[in-house]
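The structure under discussion appears below in the form of structure tokens.
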Amino acid sequence: MKKILLLFTLSALAVFNSHSQSPGSWFNVKELSPKTWVIDDHGSDNMYLIEGADSAMLIDNGLGTADLTAVVNKLTSKPLIVVITHGHPDHAGADYQFEKVYIHPADSAAARQFNLPETRAASAKSMQQGAGPGENELYRGKPFNTRMIPVSEGRIFDLGGRKIQVIDAPGHTPGEICLLDIGNKYLFTGDNSNTLVWLFLPNSRPLHEYLPTLEKLAARSSEFTTIFPGHGGPLPADFINDQVACVKGILNNTLERKPY
């Protein structure tokens with residue numbers, strides 16, 4: 001087993017040769033493969049935009065510090081579906097910029113709380129990397145009273161020649177989901193399979209509940225070749241196996257423990 005802590009420390013792999021674009025200085029955009037972009041939220045988190053023949057999907061929307069909609073509109077003109085992997089402020093912070101988002105019901109209350117203006121400002125202050133965006137990068141539209149649409153295991157979004165399946169993945173949060181790009185064999189994991197996974201937060205699930213999530217994904221590892229996490233670079237599919245071994249090692253007390 002590669003060396004991993006529960007706050008998993010495994011080097012990310014540069015799987016694709018990426019092409020950078022610069023719609024604005026706050027966001028860094030890279031095309032990972034045709035019609036698949038990662039939008040870096042000024043070093044704080046990853047968002048992904050994927051496009052089919054009929055529509056596009058935005059996976060997570062970051063801290064909400066800057067105008068994400070302007071960046072997305074420069075990349076695609078297709079009707080947009082916004083799906084949130086979990087309700088934390090660095091993944092659902094820009095919900096207010098969209099009329100509706102899809103999210104697991106177990107995380108919708110957290111997402112709503114983090115989109116209150118005062119809560120969002122506090123989150124940005126503590127979580128964003130560096131100073132805030134320039135005046136011309138701020139969101140100028142009227143904030144939406146965003147409609148939360150429940151989504152869970154098995155739901156398939158058809159973007160037109162590109163199908164995305166929802167996989168429930170409780171652990172980091174009770175309502176965490178992963179999204180499987182079936183045809184391209186990509187797995188978008190939010191914070192379920194980062195190189196650093198936090199499981200000590202108040203609403204994180206205990207290890208004996210997180211382990212079945214990882215084992216379920218490991219059993220499906222032939223369905224994806226690349227993991228696109230919420231933080232850091234792409235990972236190989238077998239990273240899930242290292243996570244499984246790590247959690248088992250903690251539960252049976254065979255791994256060395258170190259303070260974080």
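A note on labels: chains of the structure tokens are A, B, ... as shown, every chain counts residues from 1, and ligands are counted from 1 in their shown order.
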**Request:** Pull the strand (DSSP E or B) assignments for region 43-157 of chain A out of DSSP run on the backbone, and list those residues as a VMD selection string.
**Result:** chain A and resid 46 to 51 56 to 59 80 to 83 100 to 103 147 to 150 156 to 157
Within 9 Å of Gly154 (chain A), counting only C-alpha atoms, which residues show up once you throw out same-chain ones fewer than 3 positions away? Write them as an mmCIF file with N, CA, C and O atoms, in the first residue's frame, please.
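The resulting file, around-v5.cif, is shown below:
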```cif
data_model
loop_
_atom_site.group_PDB
_atom_site.id
_atom_site.type_symbol
_atom_site.label_atom_id
_atom_site.label_comp_id
_atom_site.auth_asym_id
_atom_site.auth_seq_id
_atom_site.Cartn_x
_atom_site.Cartn_y
_atom_site.Cartn_z
ATOM 1 N N VAL A 151 -31.078 14.858 -5.575
ATOM 2 C CA VAL A 151 -30.504 13.887 -6.496
ATOM 3 C C VAL A 151 -29.809 12.822 -5.655
ATOM 4 O O VAL A 151 -29.293 13.108 -4.575
ATOM 5 N N GLN A 165 -23.662 9.549 -14.341
ATOM 6 C CA GLN A 165 -24.412 8.818 -13.319
ATOM 7 C C GLN A 165 -24.022 9.260 -11.922
ATOM 8 O O GLN A 165 -22.838 9.447 -11.613
ATOM 9 N N VAL A 166 -25.018 9.408 -11.066
ATOM 10 C CA VAL A 166 -24.812 9.793 -9.669
ATOM 11 C C VAL A 166 -24.541 8.540 -8.828
ATOM 12 O O VAL A 166 -25.249 7.536 -8.956
ATOM 13 N N ILE A 167 -23.517 8.625 -7.969
ATOM 14 C CA ILE A 167 -23.189 7.549 -7.038
ATOM 15 C C ILE A 167 -23.152 8.136 -5.631
ATOM 16 O O ILE A 167 -22.369 9.050 -5.362
ATOM 17 N N ASP A 168 -23.992 7.651 -4.743
ATOM 18 C CA ASP A 168 -23.958 8.106 -3.353
ATOM 19 C C ASP A 168 -22.617 7.724 -2.731
ATOM 20 O O ASP A 168 -22.146 6.595 -2.893
#
```
Select from region 79-116 of chain A every residue with an atom at most 9 Å from any atom of region 131-144 of chain A, then for each give the shortest pair of atoms and their distance in Å to one decimal, using only C-alpha atoms, rows by chain and rising number, as a tab-separated table.
```
residue	atom	partner	partner_atom	distance
A:Asp95	CA	A:Phe144	CA	8.0
A:Tyr96	CA	A:Phe144	CA	5.0
A:Gln97	CA	A:Pro143	CA	5.8
A:Phe98	CA	A:Phe144	CA	6.2
A:Glu99	CA	A:Phe144	CA	5.6
A:Lys100	CA	A:Phe144	CA	8.4
```
Dump as a tab-separated table the rows for residues of region 52-120 of chain A within 12 Å of region 175-187 of chain A: closest atom pair and distance in Å with one decimal, only C-alpha atoms counted, ordered by chain and rising residue number.
```
residue	atom	partner	partner_atom	distance
A:Gly52	CA	A:Asp181	CA	10.8
A:Met57	CA	A:Leu179	CA	10.8
A:Leu58	CA	A:Leu179	CA	11.2
A:Ile59	CA	A:Leu179	CA	8.5
A:Asp60	CA	A:Leu179	CA	11.0
A:Val83	CA	A:Leu179	CA	9.1
A:Ile84	CA	A:Ile177	CA	8.1
A:Thr85	CA	A:Ile177	CA	5.0
A:His86	CA	A:Glu176	CA	4.7
A:Gly87	CA	A:Gly175	CA	7.8
A:His88	CA	A:Glu176	CA	9.8
A:His91	CA	A:Glu176	CA	11.0
A:Ala92	CA	A:Glu176	CA	11.9
A:Tyr102	CA	A:Ile177	CA	10.7
A:Ile103	CA	A:Gly175	CA	8.0
A:His104	CA	A:Gly175	CA	5.3
A:Pro105	CA	A:Gly175	CA	6.7
A:Ala106	CA	A:Gly175	CA	4.6
A:Asp107	CA	A:Gly175	CA	4.9
A:Ser108	CA	A:Gly175	CA	8.2
A:Ala109	CA	A:Gly175	CA	10.4
A:Ala110	CA	A:Gly175	CA	9.9
A:Ala111	CA	A:Gly175	CA	10.7
```
**Prompt:** Out of region 63-248 of chain A, which residues get alpha helix (DSSP H) from DSSP, as number ranges by chain?
**Reply:** A: 68-75, 89-92, 105-114, 117-127, 207-219, 239-248
**Request:** For region 120-126 of chain A, list every protein, DNA or RNA residue within 9 Å, evaluated using only C-alpha atoms, and leave out those in the same chain fewer than 2 positions away; present the list as number ranges by chain.
**Result:** A: 63-65, 89-90, 93-94, 113-118, 128-129, 131-132
**Request:** Find the residues near Thr226 (chain A): any atom within 6 Å, counting only C-alpha atoms, skip ones fewer than 6 places away on the same chain, and give them as an MDAnalysis selection string.
**Result:** chainID A and resid 186 235:237
Those same residues - N, CA, C and O atoms - I'd like them written as a short mmCIF file (atom, residue, chain, number, x, y, z; two decimals), in the first residue's frame.
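Here's the written file out-v4.cif:
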```cif
data_model
loop_
_atom_site.label_atom_id
_atom_site.label_comp_id
_atom_site.auth_asym_id
_atom_site.auth_seq_id
_atom_site.Cartn_x
_atom_site.Cartn_y
_atom_site.Cartn_z
N TYR A 186 -14.51 8.69 -16.56
CA TYR A 186 -14.01 9.64 -15.58
C TYR A 186 -14.90 9.57 -14.33
O TYR A 186 -16.12 9.43 -14.44
N LEU A 235 -6.12 11.64 -10.41
CA LEU A 235 -5.60 10.45 -9.75
C LEU A 235 -5.99 9.21 -10.54
O LEU A 235 -7.01 9.20 -11.22
N PRO A 236 -5.19 8.14 -10.44
CA PRO A 236 -5.56 6.89 -11.12
C PRO A 236 -6.69 6.18 -10.39
O PRO A 236 -6.89 6.38 -9.18
N ALA A 237 -7.39 5.33 -11.09
CA ALA A 237 -8.53 4.63 -10.50
C ALA A 237 -8.14 3.81 -9.29
O ALA A 237 -8.92 3.69 -8.33
#
```
**Item:** Separation of CA of Val29 (chain A) from CA of Thr173 (chain A) in Å
**Value:** 27.0 Å
**Request:** Tell me, as a PyMOL selection string, which residues lie within 12 Å of Pro212 (chain A), counting only C-alpha atoms; anything in the same chain fewer than 2 positions away does not count.
**Result:** chain A and resi 168-171+205-210+214-219+240+243-244+247-248
**Prompt:** Between A:Asn241, A:Lys163, A:Ser44, A:Leu251, which is the closest to Arg220 (chain A) once you count only C-alpha atoms?
**Reply:**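 Going through A:Asn241, A:Lys163, A:Ser44, A:Leu251 one by one, the smallest distance to Arg220 (chain A) is for A:Asn241.
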